[in-house]
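Structure file model18.tsv (TSV, C-alpha atoms) is printed below.
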```tsv
chain	number	residue	atom	x	y	z
M	804	LEU	CA	126.02	-31.70	117.70
M	805	PHE	CA	122.77	-33.42	116.73
M	806	LEU	CA	123.42	-32.56	113.09
M	807	LEU	CA	126.81	-34.26	113.36
M	808	VAL	CA	125.30	-37.40	114.86
M	809	PHE	CA	122.54	-37.36	112.23
M	810	ARG	CA	124.92	-36.91	109.29
M	811	CYS	CA	127.25	-39.64	110.49
M	812	SER	CA	124.42	-42.12	111.15
M	813	PHE	CA	122.51	-41.65	107.94
M	814	GLY	CA	125.70	-41.19	105.96
M	815	ALA	CA	126.73	-44.65	107.14
M	816	LEU	CA	123.41	-46.05	105.90
M	817	GLU	CA	123.91	-44.52	102.47
M	818	PHE	CA	127.53	-45.69	102.35
M	819	HIS	CA	126.37	-49.22	103.18
M	820	ASP	CA	123.72	-49.19	100.46
M	821	HIS	CA	123.20	-46.33	97.99
M	822	PHE	CA	119.57	-45.21	97.84
M	823	TYR	CA	119.10	-46.99	101.15
M	824	PHE	CA	115.40	-46.14	101.50
M	825	LEU	CA	114.49	-46.85	97.87
M	826	GLN	CA	113.21	-50.36	98.54
M	827	ASP	CA	110.01	-52.38	98.29
M	828	ASP	CA	106.89	-50.15	98.22
M	829	ASN	CA	109.00	-47.00	98.17
M	830	ARG	CA	110.43	-48.07	94.83
M	831	ASP	CA	107.34	-49.72	93.34
M	832	HIS	CA	104.57	-47.38	94.53
M	833	PHE	CA	105.55	-44.22	96.36
M	834	LEU	CA	108.21	-42.89	93.99
M	835	PRO	CA	105.94	-43.36	90.94
M	836	PHE	CA	103.09	-41.66	92.85
M	837	PHE	CA	105.29	-38.68	93.69
M	838	ALA	CA	106.77	-38.47	90.19
M	839	ARG	CA	103.32	-38.49	88.57
M	840	ALA	CA	102.07	-35.82	90.98
M	841	LEU	CA	105.12	-33.64	90.24
M	842	GLU	CA	104.73	-34.01	86.49
M	843	THR	CA	101.06	-33.08	86.75
M	844	LEU	CA	101.86	-30.06	88.93
M	845	ARG	CA	104.38	-28.83	86.34
M	846	HIS	CA	101.47	-28.59	83.93
M	847	GLY	CA	99.69	-26.33	86.40
M	848	VAL	CA	97.23	-28.94	87.68
M	849	ILE	CA	96.92	-30.74	91.02
M	850	GLY	CA	97.02	-34.45	90.23
M	851	GLN	CA	93.73	-36.20	90.93
M	852	VAL	CA	93.90	-39.24	88.63
M	853	ASP	CA	96.82	-41.30	87.34
M	854	TYR	CA	95.74	-42.32	83.85
M	855	TYR	CA	98.78	-44.53	83.36
M	856	LEU	CA	97.56	-47.21	85.76
M	857	SER	CA	94.63	-49.53	85.02
M	858	LEU	CA	92.96	-46.99	82.71
M	859	GLY	CA	92.98	-44.49	85.54
M	860	LEU	CA	93.38	-44.76	89.31
M	861	PRO	CA	92.76	-42.08	91.98
M	862	LEU	CA	95.85	-40.05	92.83
M	863	LEU	CA	94.65	-37.36	95.24
M	864	SER	CA	92.07	-39.45	97.05
M	865	ASN	CA	94.35	-42.43	97.65
M	866	GLY	CA	96.20	-40.26	100.16
M	867	LEU	CA	99.49	-42.09	99.79
M	868	SER	CA	100.51	-39.97	96.80
M	869	SER	CA	100.81	-36.92	99.13
M	870	VAL	CA	99.48	-34.66	96.39
M	871	LEU	CA	98.74	-31.77	98.78
M	872	SER	CA	102.04	-32.00	100.69
M	873	PRO	CA	104.87	-29.77	99.39
M	874	LEU	CA	107.61	-31.99	100.79
M	875	PRO	CA	107.64	-34.86	98.23
M	876	TYR	CA	107.72	-32.29	95.42
M	877	ALA	CA	110.68	-30.54	97.04
M	878	ALA	CA	112.50	-33.84	97.60
M	879	LEU	CA	112.18	-34.90	93.96
M	880	VAL	CA	113.28	-31.47	92.72
M	881	VAL	CA	116.36	-31.62	94.99
M	882	SER	CA	117.18	-35.07	93.62
M	883	GLU	CA	116.81	-33.88	90.02
M	884	MET	CA	118.94	-30.80	90.62
M	885	ALA	CA	121.69	-32.73	92.42
M	886	LEU	CA	121.80	-35.96	90.40
M	887	GLY	CA	119.78	-35.34	87.29
M	888	HIS	CA	117.12	-37.92	88.16
M	889	PRO	CA	114.38	-38.37	90.79
M	890	PHE	CA	115.57	-41.70	92.22
M	891	ALA	CA	117.18	-40.13	95.29
M	892	GLY	CA	113.93	-38.34	96.09
M	893	ILE	CA	112.77	-40.96	98.59
M	894	ASP	CA	116.05	-40.77	100.52
M	895	VAL	CA	115.99	-36.96	100.51
M	896	LEU	CA	112.42	-37.04	101.80
M	897	VAL	CA	113.20	-39.54	104.57
M	898	PHE	CA	116.26	-37.52	105.63
M	899	PHE	CA	114.15	-34.38	105.89
M	900	TYR	CA	111.45	-36.13	107.89
M	901	PHE	CA	113.91	-37.70	110.32
M	902	LEU	CA	115.86	-34.45	110.68
M	903	SER	CA	112.62	-32.62	111.46
M	904	GLY	CA	111.74	-35.31	114.00
M	905	GLY	CA	115.10	-34.92	115.69
M	906	PHE	CA	114.71	-31.17	116.07
M	907	GLY	CA	111.14	-31.75	117.21
M	908	PHE	CA	112.39	-34.00	119.98
M	909	ILE	CA	114.91	-31.36	121.04
M	910	TYR	CA	112.04	-28.88	121.27
M	911	LEU	CA	109.96	-31.39	123.22
M	912	ALA	CA	112.85	-32.01	125.62
M	913	ARG	CA	113.11	-28.29	126.31
M	914	GLN	CA	109.41	-28.14	127.15
M	915	MET	CA	110.06	-30.94	129.66
M	916	ASN	CA	112.95	-28.95	131.21
M	917	LEU	CA	115.56	-31.54	130.22
M	918	SER	CA	119.25	-30.77	129.84
M	919	SER	CA	120.96	-30.25	126.48
M	920	GLY	CA	122.60	-33.65	126.79
M	921	ALA	CA	119.27	-35.35	127.45
M	922	ALA	CA	117.71	-33.52	124.50
M	923	LEU	CA	120.56	-34.64	122.22
M	924	PHE	CA	120.21	-38.24	123.36
M	925	ALA	CA	116.42	-38.26	122.93
M	926	ALA	CA	116.60	-36.76	119.43
M	927	SER	CA	119.28	-39.23	118.33
M	928	ALA	CA	117.51	-42.22	119.90
M	929	TRP	CA	114.21	-41.32	118.22
M	930	CYS	CA	115.78	-40.99	114.77
M	931	LEU	CA	117.75	-44.24	115.15
M	932	LEU	CA	115.04	-46.48	116.57
M	933	PRO	CA	115.12	-49.75	114.58
M	934	PHE	CA	111.35	-49.61	114.18
M	935	ASN	CA	111.48	-46.12	112.63
M	936	VAL	CA	114.32	-46.86	110.25
M	937	TYR	CA	113.11	-50.29	109.19
M	938	LEU	CA	109.53	-49.25	108.41
M	939	SER	CA	110.78	-46.27	106.43
M	940	LEU	CA	112.72	-48.63	104.16
M	941	SER	CA	109.44	-49.79	102.64
M	942	TRP	CA	106.94	-47.16	103.69
M	943	VAL	CA	108.05	-43.57	103.35
M	944	SER	CA	104.49	-42.82	104.50
M	945	PHE	CA	105.63	-43.75	108.02
M	946	ALA	CA	108.41	-41.15	108.11
M	947	PRO	CA	106.01	-38.17	108.54
M	948	LEU	CA	105.00	-39.62	111.91
M	949	VAL	CA	108.68	-39.60	112.91
M	950	ALA	CA	108.87	-35.97	111.79
M	951	PHE	CA	105.76	-34.46	113.28
M	952	LEU	CA	104.75	-36.45	116.37
M	953	PRO	CA	107.46	-34.83	118.56
M	954	TRP	CA	106.37	-31.38	117.39
M	955	MET	CA	102.72	-32.15	118.14
M	956	VAL	CA	103.53	-33.18	121.70
M	957	GLY	CA	106.06	-30.39	122.25
M	958	LEU	CA	103.64	-27.70	121.09
M	959	LEU	CA	100.92	-29.25	123.25
M	960	LEU	CA	103.11	-28.90	126.34
M	961	ALA	CA	104.16	-25.38	125.35
M	962	GLY	CA	100.56	-24.28	124.79
M	963	ALA	CA	99.60	-25.40	128.27
M	964	SER	CA	101.75	-22.74	129.90
M	965	ARG	CA	101.81	-19.83	127.44
M	966	ARG	CA	99.62	-18.27	124.73
M	967	TRP	CA	97.56	-21.39	124.11
M	968	PHE	CA	95.77	-20.28	120.92
M	969	ALA	CA	99.01	-19.31	119.18
M	970	PHE	CA	100.50	-22.71	119.99
M	971	ALA	CA	97.25	-24.44	118.99
M	972	THR	CA	97.53	-22.75	115.60
M	973	LEU	CA	101.14	-23.89	115.20
M	974	GLN	CA	100.13	-27.37	116.24
M	975	ALA	CA	97.36	-27.34	113.64
M	976	GLY	CA	99.97	-26.55	110.98
M	977	VAL	CA	102.03	-29.55	112.07
M	978	LYS	CA	98.95	-31.79	112.04
M	979	LEU	CA	98.09	-30.60	108.54
M	980	LEU	CA	101.55	-31.60	107.33
M	981	LEU	CA	101.02	-35.04	108.83
M	982	LEU	CA	97.52	-35.29	107.34
M	983	PHE	CA	98.60	-34.15	103.87
M	984	ALA	CA	101.40	-36.73	103.91
M	985	GLY	CA	98.45	-38.97	103.15
M	986	PHE	CA	98.55	-42.04	105.38
M	987	ILE	CA	95.42	-41.41	107.43
M	988	GLN	CA	96.08	-44.27	109.86
M	989	TRP	CA	99.16	-42.58	111.31
M	990	PHE	CA	97.30	-39.27	111.55
M	991	VAL	CA	94.38	-40.82	113.45
M	992	TYR	CA	96.67	-42.70	115.82
M	993	ALA	CA	98.74	-39.57	116.49
M	994	VAL	CA	95.62	-37.51	117.26
M	995	ILE	CA	94.30	-40.23	119.60
M	996	PHE	CA	97.50	-40.31	121.63
M	997	GLU	CA	97.74	-36.51	121.64
M	998	LEU	CA	94.20	-36.21	122.99
M	999	ALA	CA	94.90	-38.95	125.52
M	1000	LEU	CA	98.00	-37.09	126.69
M	1001	ALA	CA	96.09	-33.82	126.98
M	1002	SER	CA	93.34	-35.56	128.96
M	1003	LEU	CA	95.83	-37.17	131.36
M	1004	LEU	CA	97.55	-33.82	131.90
M	1005	CYS	CA	94.17	-32.25	132.66
M	1006	LEU	CA	93.42	-34.93	135.23
M	1007	ARG	CA	96.74	-34.37	136.96
M	1008	ARG	CA	96.24	-30.60	136.63
M	1009	HIS	CA	93.01	-30.71	138.64
M	1010	ARG	CA	94.76	-32.59	141.43
M	1011	VAL	CA	97.44	-29.90	141.67
M	1012	ARG	CA	96.52	-26.22	141.80
M	1013	PRO	CA	97.63	-24.79	138.44
M	1014	ALA	CA	99.34	-21.47	137.92
M	1015	LYS	CA	97.13	-18.53	136.99
M	1016	ASP	CA	98.46	-18.38	133.40
M	1017	GLU	CA	98.30	-22.15	132.83
M	1018	ALA	CA	95.82	-23.14	130.14
M	1019	SER	CA	94.08	-26.46	129.64
M	1020	PRO	CA	96.10	-28.75	127.34
M	1021	LEU	CA	92.87	-30.32	126.11
M	1022	ARG	CA	91.49	-26.96	125.00
M	1023	ALA	CA	94.60	-26.25	122.95
M	1024	SER	CA	94.53	-29.72	121.41
M	1025	LEU	CA	90.85	-29.58	120.44
M	1026	SER	CA	91.24	-26.06	119.04
M	1027	GLY	CA	94.09	-27.18	116.80
M	1028	LEU	CA	92.10	-30.21	115.70
M	1029	ALA	CA	89.13	-28.01	114.77
M	1030	ILE	CA	91.39	-25.93	112.52
M	1031	VAL	CA	92.69	-29.10	110.88
M	1032	GLY	CA	89.13	-30.34	110.37
M	1033	VAL	CA	88.40	-27.27	108.24
M	1034	MET	CA	91.74	-26.79	106.48
M	1035	GLY	CA	92.07	-30.51	105.76
M	1036	LEU	CA	88.76	-30.81	103.87
M	1037	PRO	CA	90.43	-30.72	100.40
M	1038	LEU	CA	91.95	-34.10	101.25
M	1039	LEU	CA	89.48	-35.49	103.78
M	1040	LEU	CA	86.45	-35.22	101.48
M	1041	PRO	CA	88.00	-37.03	98.47
M	1042	MET	CA	89.47	-39.70	100.75
M	1043	TRP	CA	86.14	-40.27	102.47
M	1044	HIS	CA	84.37	-40.57	99.13
M	1045	GLN	CA	86.99	-43.05	97.96
M	1046	THR	CA	86.47	-45.03	101.16
M	1047	THR	CA	82.71	-45.25	100.62
M	1048	VAL	CA	83.20	-46.93	97.22
M	1049	SER	CA	85.98	-49.23	98.41
M	1050	ALA	CA	85.19	-52.93	98.44
M	1051	GLU	CA	87.40	-53.43	101.51
M	1052	ARG	CA	87.18	-50.24	103.58
M	1053	ALA	CA	83.58	-49.08	103.04
M	1054	SER	CA	82.75	-50.78	106.33
M	1055	ALA	CA	84.60	-52.33	109.23
M	1056	LEU	CA	87.18	-54.96	108.39
M	1057	ASP	CA	86.59	-58.55	109.33
M	1058	TYR	CA	87.89	-58.97	112.87
M	1059	SER	CA	90.54	-61.48	111.81
M	1060	ALA	CA	91.93	-58.94	109.32
M	1061	PHE	CA	91.70	-56.08	111.81
M	1062	SER	CA	93.50	-57.97	114.59
M	1063	SER	CA	96.17	-59.49	112.36
M	1064	GLU	CA	99.89	-58.83	112.66
M	1065	ALA	CA	99.91	-58.05	116.37
M	1066	PHE	CA	103.18	-58.67	118.19
M	1067	ARG	CA	103.11	-61.94	120.11
M	1068	PRO	CA	104.24	-61.30	123.72
M	1069	ALA	CA	107.19	-63.70	123.45
M	1070	ALA	CA	108.47	-62.07	120.25
M	1071	TRP	CA	107.89	-58.56	121.60
M	1072	LEU	CA	109.76	-59.23	124.84
M	1073	ASN	CA	112.51	-60.97	122.92
M	1074	GLY	CA	112.94	-57.99	120.61
M	1075	MET	CA	112.73	-55.44	123.40
M	1076	PHE	CA	115.35	-57.02	125.66
M	1077	PHE	CA	117.25	-59.59	123.58
M	1078	PRO	CA	117.43	-58.06	120.09
M	1079	PHE	CA	120.26	-60.29	118.87
M	1080	ALA	CA	118.68	-63.66	119.74
M	1081	ARG	CA	115.90	-64.90	117.48
M	1082	LEU	CA	113.32	-67.23	118.97
M	1083	SER	CA	113.63	-70.89	118.12
M	1084	PRO	CA	111.53	-72.06	115.14
M	1085	ALA	CA	109.20	-73.87	117.53
M	1086	ASP	CA	108.42	-70.60	119.34
M	1087	SER	CA	108.21	-68.34	116.28
M	1088	GLY	CA	105.02	-67.16	114.66
M	1089	ARG	CA	104.27	-66.24	111.08
M	1090	THR	CA	103.60	-62.52	111.42
M	1091	PHE	CA	105.36	-59.77	109.50
M	1092	ALA	CA	107.03	-58.62	112.71
M	1093	GLU	CA	108.69	-62.03	113.15
M	1094	VAL	CA	109.18	-63.50	109.67
M	1095	ALA	CA	109.91	-60.44	107.50
M	1096	SER	CA	111.56	-58.18	110.10
M	1097	PRO	CA	114.73	-58.16	112.20
M	1098	VAL	CA	114.48	-59.40	115.77
M	1099	SER	CA	115.37	-55.91	116.99
M	1100	LEU	CA	112.27	-54.31	115.44
M	1101	PRO	CA	110.73	-53.22	118.80
M	1102	HIS	CA	114.10	-52.63	120.53
M	1103	PRO	CA	114.55	-49.04	121.83
M	1104	GLY	CA	118.18	-49.47	122.90
M	1105	TYR	CA	119.63	-50.63	126.19
M	1106	VAL	CA	120.63	-47.10	127.22
M	1107	THR	CA	117.08	-45.91	126.58
M	1108	LEU	CA	115.66	-48.79	128.64
M	1109	GLY	CA	118.10	-48.07	131.47
M	1110	LEU	CA	117.33	-44.36	131.53
M	1111	GLY	CA	113.62	-45.13	131.39
M	1112	LEU	CA	113.98	-47.31	134.50
M	1113	VAL	CA	115.85	-44.49	136.26
M	1114	ALA	CA	113.09	-42.03	135.32
M	1115	LEU	CA	110.43	-44.44	136.59
M	1116	ILE	CA	112.21	-44.75	139.96
M	1117	ALA	CA	112.63	-40.96	140.18
M	1118	VAL	CA	108.93	-40.44	139.52
M	1119	ALA	CA	107.94	-43.07	142.07
M	1120	ARG	CA	110.15	-41.45	144.72
M	1121	ARG	CA	108.98	-37.92	143.81
M	1122	ARG	CA	112.47	-36.72	142.97
M	1123	VAL	CA	111.33	-34.57	140.04
M	1124	PRO	CA	109.26	-31.36	140.08
M	1125	GLU	CA	105.51	-31.95	140.10
M	1126	SER	CA	104.99	-30.28	136.69
M	1127	ASP	CA	107.53	-32.61	135.08
M	1128	ARG	CA	106.35	-35.59	137.11
M	1129	ARG	CA	102.82	-35.44	135.75
M	1130	VAL	CA	104.15	-35.39	132.16
M	1131	LEU	CA	106.37	-38.42	132.83
M	1132	ILE	CA	103.49	-40.31	134.46
M	1133	ALA	CA	101.33	-39.60	131.41
M	1134	PHE	CA	104.12	-40.84	129.13
M	1135	PHE	CA	104.47	-44.10	131.09
M	1136	VAL	CA	100.70	-44.66	131.00
M	1137	LEU	CA	100.50	-44.05	127.25
M	1138	ALA	CA	103.50	-46.30	126.59
M	1139	ALA	CA	101.70	-49.09	128.48
M	1140	CYS	CA	98.49	-48.46	126.51
M	1141	ALA	CA	100.35	-48.53	123.20
M	1142	ALA	CA	102.07	-51.77	124.23
M	1143	ALA	CA	98.71	-53.37	125.10
M	1144	TRP	CA	97.35	-52.22	121.74
M	1145	THR	CA	100.26	-53.51	119.66
M	1146	LEU	CA	100.14	-56.84	121.51
M	1147	GLY	CA	96.46	-57.18	120.64
M	1148	TRP	CA	95.28	-57.21	124.25
M	1149	ILE	CA	92.70	-54.48	123.70
M	1150	ALA	CA	91.90	-55.32	120.07
M	1151	GLN	CA	88.32	-56.38	120.83
M	1152	LEU	CA	87.66	-53.07	122.57
M	1153	VAL	CA	89.24	-50.98	119.80
M	1154	TYR	CA	87.27	-52.90	117.18
M	1155	LEU	CA	84.08	-51.37	118.57
M	1156	VAL	CA	85.26	-47.85	117.67
M	1157	PRO	CA	84.15	-46.60	114.21
M	1158	VAL	CA	86.97	-45.77	111.78
M	1159	LEU	CA	89.54	-47.56	113.95
M	1160	ASN	CA	87.98	-50.87	112.95
M	1161	ARG	CA	88.98	-50.15	109.34
M	1162	PHE	CA	92.69	-50.12	110.15
M	1163	ARG	CA	94.84	-53.25	110.21
M	1164	TRP	CA	98.21	-54.54	111.36
M	1165	LEU	CA	98.45	-53.85	115.06
M	1166	PHE	CA	102.25	-54.01	115.15
M	1167	LYS	CA	102.22	-50.42	113.84
M	1168	LEU	CA	101.32	-49.19	117.33
M	1169	GLN	CA	104.89	-50.04	118.38
M	1170	ALA	CA	105.83	-46.62	117.00
M	1171	PHE	CA	104.08	-45.00	119.97
M	1172	VAL	CA	105.63	-47.41	122.46
M	1173	GLY	CA	109.04	-46.30	121.23
M	1174	PHE	CA	108.09	-42.63	121.27
M	1175	PHE	CA	106.90	-42.52	124.86
M	1176	ILE	CA	109.79	-44.68	126.09
M	1177	VAL	CA	112.37	-42.45	124.44
```
structure tokens encoding of this file:
Amino acid sequence: LFLLVFRCSFGALEFHDHFYFLQDDNRDHFLPFFARALETLRHGVIGQVDYYLSLGLPLLSNGLSSVLSPLPYAALVVSEMALGHPFAGIDVLVFFYFLSGGFGFIYLARQMNLSSGAALFAASAWCLLPFNVYLSLSWVSFAPLVAFLPWMVGLLLAGASRRWFAFATLQAGVKLLLLFAGFIQWFVYAVIFELALASLLCLRRHRVRPAKDEASPLRASLSGLAIVGVMGLPLLLPMWHQTTVSAERASALDYSAFSSEAFRPAAWLNGMFFPFARLSPADSGRTFAEVASPVSLPHPGYVTLGLGLVALIAVARRRVPESDRRVLIAFFVLAACAAAWTLGWIAQLVYLVPVLNRFRWLFKLQAFVGFFIV
């Protein structure tokens, strides 16, 4: 049933506009990156430098070219086989990522003991979030987060109650796919929220006597991360070297650049609850989220908001099993933290953290608000 919903939804997007996701940076940067990497691979070499740009620009170490990820190669090959050209490769890649994210959410829902109907709704809502679809129009580098974040969280919950090392290994594989997709900012954010979730579950676990076979979620998460730290070195080392010689990212960004593009509270609330009513010009700002984006960018859907309120009431009244209740509490806490981050309320605190102070555009954290709400 999810496949039917997915095919109808994304089929409608393609019917509305052929090559729907081949826009902006996807057309001007990502597709040429992927095409150059594929051409280089066909000559038996992993692409490290693109000599057709500015007398040579890094290909592997820029990360965004996804040289070590097999998925862009597969997407371009599918496009060439089906249509005779690579221009549908971005759409094929986005479809795969979103389809994977939908199945990941179904898996996550099963780990949370939700019904089949709830799993179907969660998977569909995640794939159709305006934020997810709209960012993928320009940045196919965002779509891997849609694909792999649900699997990361689902495997974390599964590893807490069964063979933890086996699930930590599977989780490491998922993290590697997200890392090799190349946009390190999404990878770092995903790991932070995964570790935060594991820590919150551990805190709740110590307050309730765990079952004898229940493992620590934090142990599984850190074990998987250690595997990624070793297996990801072929990308991490070139990217770190490239960062050290970068004029902009060799050190922390200027605070004004780091804290830019946060959602203003008025615009965020307007988008969350009144997605069809744009603020008056007098109340509007000049951020990307307000000027170059639809009003509905942060909107998760009224049904999602309603069900979230029902879940919050059920948790408050202890009408759900304790094992599920602690997961829901952790989700609500992390959604609130992500909201505070994307609104810029904790920007000064985050700026003190190394590496994080080299990332910009705080509105990106809305992705995690949507995830934990859904």
For M:Phe899, the nearest of the candidates M:Gly859, M:Ala925, M:Leu917, M:Arg810, counting only C-alpha atoms
M:Arg810
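Going from atom CA of M:Glu1051 to atom CA of M:His832 covers 19.5 Å.
Taking only C-alpha atoms into account, M:Ala984 lies nearest to M:Tyr876 out of the set M:Phe1175, M:Trp967, M:Trp1144, M:Tyr876.
Pairwise distance (atom CA of M:Val991, atom CA of M:Leu1168) equals 11.5 Å.
Relative to atom CA of M:Ala1139, atom CA of M:Gln988 is found at 20.0 Å.
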Exercise: stretch 1098-1101 of chain M partners within 7 Å, all atoms listed in the file, chain neighbours under 5 positions left out, as a ChimeraX atom specification
/M:933-934,1071,1074-1075,1078-1079,1081,1093,1169
Need the shell around M:Ala1138: protein/DNA/RNA residues with any atom at most 10 Å away, counting all atoms listed in the file. Skip same-chain ones fewer than 2 positions apart. Format as number ranges by chain?
M: 996, 1132-1136, 1140-1144, 1168-1177
Write the selection just made, keeping C-alpha atoms, as a PDB file, keeping the file's coordinate frame?
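Dumped everything to result04.pdb:
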```
ATOM      1  CA  PHE M 996      97.500 -40.310 121.630  1.00  0.00           C
ATOM      2  CA  ILE M1132     103.490 -40.310 134.460  1.00  0.00           C
ATOM      3  CA  ALA M1133     101.330 -39.600 131.410  1.00  0.00           C
ATOM      4  CA  PHE M1134     104.120 -40.840 129.130  1.00  0.00           C
ATOM      5  CA  PHE M1135     104.470 -44.100 131.090  1.00  0.00           C
ATOM      6  CA  VAL M1136     100.700 -44.660 131.000  1.00  0.00           C
ATOM      7  CA  CYS M1140      98.490 -48.460 126.510  1.00  0.00           C
ATOM      8  CA  ALA M1141     100.350 -48.530 123.200  1.00  0.00           C
ATOM      9  CA  ALA M1142     102.070 -51.770 124.230  1.00  0.00           C
ATOM     10  CA  ALA M1143      98.710 -53.370 125.100  1.00  0.00           C
ATOM     11  CA  TRP M1144      97.350 -52.220 121.740  1.00  0.00           C
ATOM     12  CA  LEU M1168     101.320 -49.190 117.330  1.00  0.00           C
ATOM     13  CA  GLN M1169     104.890 -50.040 118.380  1.00  0.00           C
ATOM     14  CA  ALA M1170     105.830 -46.620 117.000  1.00  0.00           C
ATOM     15  CA  PHE M1171     104.080 -45.000 119.970  1.00  0.00           C
ATOM     16  CA  VAL M1172     105.630 -47.410 122.460  1.00  0.00           C
ATOM     17  CA  GLY M1173     109.040 -46.300 121.230  1.00  0.00           C
ATOM     18  CA  PHE M1174     108.090 -42.630 121.270  1.00  0.00           C
ATOM     19  CA  PHE M1175     106.900 -42.520 124.860  1.00  0.00           C
ATOM     20  CA  ILE M1176     109.790 -44.680 126.090  1.00  0.00           C
ATOM     21  CA  VAL M1177     112.370 -42.450 124.440  1.00  0.00           C
TER      22      VAL M1177
END
```
Rank M:Tyr1105, M:Phe837, M:Phe970, M:Trp942 by their smallest atom-to-atom distance to M:Leu825, using only C-alpha atoms, and report the top residue only.
M:Trp942
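The shortest atom-to-atom distance to M:Leu902, with only C-alpha atoms taken into account, belongs to M:Val808 out of M:Val808, M:Leu1165, M:Ala815, M:Met1042.
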Can you tell me which residues surround M:Pro835 at a distance of at most 12 Å, considering only C-alpha atoms, apart from same-chain residues fewer than 4 positions away, and format the answer as JSON, numbers by chain?
{"M": [825, 828, 829, 830, 831, 839, 840, 841, 842, 853, 855, 856, 862, 867, 868, 869, 875, 879, 889, 890, 892, 893]}
With all atoms listed in the file as the counted atoms, please give the residues lying no more than 8 Å from stretch 948-962 of chain M, apart from itself and same-chain residues fewer than 2 positions off, as JSON, numbers by chain.
{"M": [900, 901, 902, 903, 904, 905, 907, 908, 910, 911, 912, 914, 915, 929, 930, 935, 945, 946, 964, 965, 966, 967, 968, 969, 970, 971, 973, 974, 977, 978, 980, 981, 989, 990, 993, 997, 1001, 1018, 1020, 1023, 1024]}
Output C-alpha atoms for every residue in the selection just made, as a compact mmCIF listing (two decimals), in the frame of the given file.
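After the write, result-v3.txt holds the following:
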```txt
# COMPACT_ATOMS: atom_id res chain seq x y z
CA TYR M 900 111.45 -36.13 107.89
CA PHE M 901 113.91 -37.70 110.32
CA LEU M 902 115.86 -34.45 110.68
CA SER M 903 112.62 -32.62 111.46
CA GLY M 904 111.74 -35.31 114.00
CA GLY M 905 115.10 -34.92 115.69
CA GLY M 907 111.14 -31.75 117.21
CA PHE M 908 112.39 -34.00 119.98
CA TYR M 910 112.04 -28.88 121.27
CA LEU M 911 109.96 -31.39 123.22
CA ALA M 912 112.85 -32.01 125.62
CA GLN M 914 109.41 -28.14 127.15
CA MET M 915 110.06 -30.94 129.66
CA TRP M 929 114.21 -41.32 118.22
CA CYS M 930 115.78 -40.99 114.77
CA ASN M 935 111.48 -46.12 112.63
CA PHE M 945 105.63 -43.75 108.02
CA ALA M 946 108.41 -41.15 108.11
CA SER M 964 101.75 -22.74 129.90
CA ARG M 965 101.81 -19.83 127.44
CA ARG M 966 99.62 -18.27 124.73
CA TRP M 967 97.56 -21.39 124.11
CA PHE M 968 95.77 -20.28 120.92
CA ALA M 969 99.01 -19.31 119.18
CA PHE M 970 100.50 -22.71 119.99
CA ALA M 971 97.25 -24.44 118.99
CA LEU M 973 101.14 -23.89 115.20
CA GLN M 974 100.13 -27.37 116.24
CA VAL M 977 102.03 -29.55 112.07
CA LYS M 978 98.95 -31.79 112.04
CA LEU M 980 101.55 -31.60 107.33
CA LEU M 981 101.02 -35.04 108.83
CA TRP M 989 99.16 -42.58 111.31
CA PHE M 990 97.30 -39.27 111.55
CA ALA M 993 98.74 -39.57 116.49
CA GLU M 997 97.74 -36.51 121.64
CA ALA M 1001 96.09 -33.82 126.98
CA ALA M 1018 95.82 -23.14 130.14
CA PRO M 1020 96.10 -28.75 127.34
CA ALA M 1023 94.60 -26.25 122.95
CA SER M 1024 94.53 -29.72 121.41
```
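In terms of minimum interatomic distance to M:Ala1055, M:Val1153 ranks closest within M:Val1031, M:Met884, M:Ala1070, M:Val1153, counting only C-alpha atoms.
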Contact table stretch 835-921 of chain M vs stretch 1045-1050 of chain M, cut-off 12 Å, shortest pair per residue, all atoms listed in the file, as CSV:
```
residue,atom,partner,partner_atom,distance
M:Gln851,CA,M:Gln1045,CA,11.9
M:Leu860,CA,M:Gln1045,CA,10.9
M:Pro861,CA,M:Gln1045,CA,8.4
M:Leu862,CA,M:Gln1045,CA,10.7
M:Leu863,CA,M:Gln1045,CA,9.9
M:Ser864,CA,M:Gln1045,CA,6.3
M:Asn865,CA,M:Gln1045,CA,7.4
M:Gly866,CA,M:Gln1045,CA,9.9
```
Restricting the output to C-alpha atoms, write the selected residues as a PDB file, in the frame of the given file.
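Dumped everything to result_20.pdb:
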```pdb
ATOM      1  CA  GLN M 851      93.730 -36.200  90.930  1.00  0.00           C
ATOM      2  CA  LEU M 860      93.380 -44.760  89.310  1.00  0.00           C
ATOM      3  CA  PRO M 861      92.760 -42.080  91.980  1.00  0.00           C
ATOM      4  CA  LEU M 862      95.850 -40.050  92.830  1.00  0.00           C
ATOM      5  CA  LEU M 863      94.650 -37.360  95.240  1.00  0.00           C
ATOM      6  CA  SER M 864      92.070 -39.450  97.050  1.00  0.00           C
ATOM      7  CA  ASN M 865      94.350 -42.430  97.650  1.00  0.00           C
ATOM      8  CA  GLY M 866      96.200 -40.260 100.160  1.00  0.00           C
TER       9      GLY M 866
END
```
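Using all atoms listed in the file, the nearest neighbour of M:Ala1069 within the list M:Leu1146, M:Leu1038, M:Ala877, M:Leu982 is M:Leu1146.
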